[in-house]
Structures are given as structure tokens and as C-alpha cells.
Amino acid sequence: MKITNVRAYLVRPRWCMVEITTDAGLTGWGEPVIEGRAATVRACVEELTPYLIGRDPGAIEDIWQTLYRGGFYRGGPILMSAIAGIDQALWDIKGKYFNAPVWKLMGGAVRERIEVYAWIGGDRPSDVAAAALEKKAQGYRAVKMNATEELRYVDSHTKIDAVLERVAQVREAVGRGFGIAVDFHGRVHKPMAKVLAKKLEEFDPMFIEEPVLCDNFEDFPEIAHACSIPIATGERLFTRWDFKRLLEQGAVDILQPDLSHAGGITEVKKIAAMAEAYDVALAPHCPLGPVALMACLQIDATCHNAFIQEQSIGIHYNADSRALSDADAVLDYMRNREDLTYKDGFVTLPKRPGLGIEVNRERVLAEDEHPHAWKNPVWRHEDGSVAEW
């Protein structure tokens, strides 16, 4: 079996998908994307395509190493996202070839289902208590919300009080047995992160996410010493070597590699094993599409330290001025949406061969005729300087 074609597509609301075809009639799908730079990642996939044509798609490890080590310059969001989507598609083909879910080819499952959480509140968090209650009524046992809007390096405690009030409202609404994750989104700098983390303790968050950017590895121990809340991060790291330096700090409790950014299934499996050796939990990052989610579920199935999965059903990022044909963009690209079933806050493992998704190819082709150009919003502080989004 040989790879005969590689093609990448831009699909709304902000994603990129890759389709790899073979001379055996088997097709694999992946989701290579950096949100806001989707066209750049697609160009990278096209640049890597000559390394793939004619190769046996089952030689996944060697292909991964070729794509990574075959260039003098390595790592980073664009290259690793392109590799990630290609890797997902190759695993999809392998699973279909052996007529088995990917997780069965990776040593088998350590669990039957994985807990998931839902997003509430939007970019500028509001109406969070009502939204949390709605998610609880839908069966979720945990939610995640952005903590803040813009925060300067040192800012008014009025903004801190607003964060605490929102989290307090959620906790009061859902009760103590419900998980609340608070995402700082890299918007907070160390001086205010220490203050906010300490004050959030009384609400027993499930974790705080990206209290500072991973650019500032050295700040994590200081923030960890300021509070007793588990710290999660990792969505903006792209290789096992990035995560190695993070783990060596000894201050992070939950790793959040993204299957569409950090080298795909092959690389994240290795990152997860490294985390387990440090007694660190795994919660794959995935505010993305259905192919990425199904790839995450393969990792969740096989990694003992995986404890919860992000997913983008109902997430604010999926809002689009040109309405998709269904209420949610994730399901819009799946023909077998019935296989993505949620019950009591959990989702069961994929049972179909490969990644377990039947992609609505016609919808993908139609979307790619009018490619999206989604960009991150640019926020500014009151003084006019650029703020972290």
C-alpha cells in the first residue's frame, strides 16, 4: 500500500483538515491547524507532501521522524501542527487497514469512557451561573470558563473581584461536587497571577489553566507555592522536548498537549508517558473539530493518567456569521454523529476502525471552495498597548 495523494482543506469556523489517500482505496483524515494561521499550516502540509507520496502509510514512526528530523529547523507551531494532522491521518488509515480502532493498535484501552467538560461564558465571561446550570442539566459534571478579560502586568483589584464574583456564582449554582476549571488563557502576568490564584482557592477549582504563558516556565513554581489549586498548561507547547523542560520545573499538575498542535497521536502518546513518570495528569487540549476530538479519544483510551477531555461542542469559538447547517460545527462534519455519545458527563471510546469518524467529505469540499480567514481578535488596554487575548 502506498500514499498517492495528500490534500488539505480550510473549513469553518477556523479549522484545517487533511485527507491522505492510498492506492488500496483507504483514506485517512487529520486535523492540522493553528487557529488564526490555518492557511500557513495548510501550506506547510503541501510542503511536506513530497516526503509522503509513494511511502507506505503504515510506517508511521519513520514518517514522523522524517518529517521532523528531515529539516534543519524543527519544532514550533506551524511545522508540528502540519505533522500532527498528517500523523492523525496515517493512524486513521492504519486502523482501517487492520479493521480496528487506533486505541486497539496502541496497546488497548485502560478505560471504557472518559469524562468531558463543556465551555461556558465566552471570551469575555458573562452569564456563567446560568450557563453552568444548563450544562449540569445536560449531564456534564464539569465546565471550564475564562477567568478574565484584559489584565495589565499590575492591575486593579476591582478586576480580580469581578473574577471571584463570577466563580462564586458558578460554585453556588452547581454545588461543591461539580468541577470548575478556570482558564487564565495566558492573559495574566505573574504579579496578578499569584494574587488571583491565591484568592480562587476558596472555590475549590478543578484546576487553573495557563496562569502565565509557558514562555515563562520559571514562574510556575512561584505560582504553585502561592496556592493549592492544581495547575494545568501545555496547549502552546509542541514537542516532547518543550514538555520536558516544563516537567523539570516540578510545578505543573496537568499537561494539556493538543493533538493538532503537538505532533499528533505519535508524539502526544510519548508526552503522556513522560507526564506519567512525573506523576502528572493528562487532559488533552481540544477546542477544535471532530477529527481532532476523535484523535484525542484514542490517547485518552490508552493513557492511564488521562482524566478529562476538552471538547468544543457548544464552545463560543464555533460561532460564525454564516450559520452552519447544524447547531454545532463539530457534528456538522460527521456522518456518524451517533457514535459521539455523551452520558453522565462521559463519552464512550470510538468503536469504528481508525479514528472512528466518517467525515462528511462533501461538506468539507464545499467549505473549501470559500476558505475561511479566521484571525485572533486583537485586544488593547486602556492605554492603547496590545493586550494578551
# chains A, B, ... in the order shown; residues from 1 in each chain; ligands from 1
$ select_by_dssp --residues "range 39-187 of chain A" --states "alpha helix (DSSP H)" --output "PyMOL selection string"
chain A and resi 39-48+60-69+77-97+102-105+128-137+157-174
$ closest_atom_pairs --of "range 238-324 of chain A" --to "range 44-66 of chain A" --cutoff "9 Å" --atoms "only C-alpha atoms" --output "tab-separated table"
residue	atom	partner	partner_atom	distance
A:Gly263	CA	A:Trp64	CA	8.3
A:Thr266	CA	A:Glu61	CA	7.3
A:Glu267	CA	A:Trp64	CA	8.8
$ residues_around --residues "Val188 in chain A" --least-positions-apart "6" --cutoff "12 Å" --atoms "only C-alpha atoms" --output "ChimeraX atom specification"
/A:146-155,159-160,194-197,208-214,216,219,223,387-389
$ closest_residue --among "A:Cys16, A:Val268, A:Ala277, A:Leu355" --to "Gln88 in chain A" --atoms "only C-alpha atoms"
A:Leu355
$ residues_around --residues "range 310-319 of chain A" --least-positions-apart "2" --cutoff "7 Å" --atoms "only C-alpha atoms" --output "compact mmCIF listing (two decimals) with C-alpha atoms, in the first residue's frame"
# COMPACT_ATOMS: atom_id res chain seq x y z
CA PRO A 13 -15.28 28.03 11.77
CA VAL A 116 -15.52 15.54 29.30
CA TYR A 117 -16.13 19.16 30.20
CA ALA A 118 -18.05 21.93 28.48
CA TRP A 119 -17.16 25.59 27.95
CA GLY A 122 -17.30 33.12 26.22
CA PRO A 284 -5.66 16.92 26.10
CA HIS A 285 -6.45 20.38 24.75
CA CYS A 286 -9.14 20.33 22.05
CA PRO A 287 -11.29 23.40 21.30
CA LEU A 288 -11.23 22.13 17.71
CA LEU A 293 -11.53 15.13 19.12
CA ILE A 308 -10.72 14.54 31.47
CA SER A 321 -21.76 34.82 10.91
CA ASP A 328 -22.91 22.78 16.22
CA ALA A 329 -19.93 22.85 13.91
CA VAL A 330 -18.33 19.74 15.39
$ atom_distance --atom1 "CA of Pro125 in chain A" --atom2 "CA of Asp204 in chain A"
18.9 Å
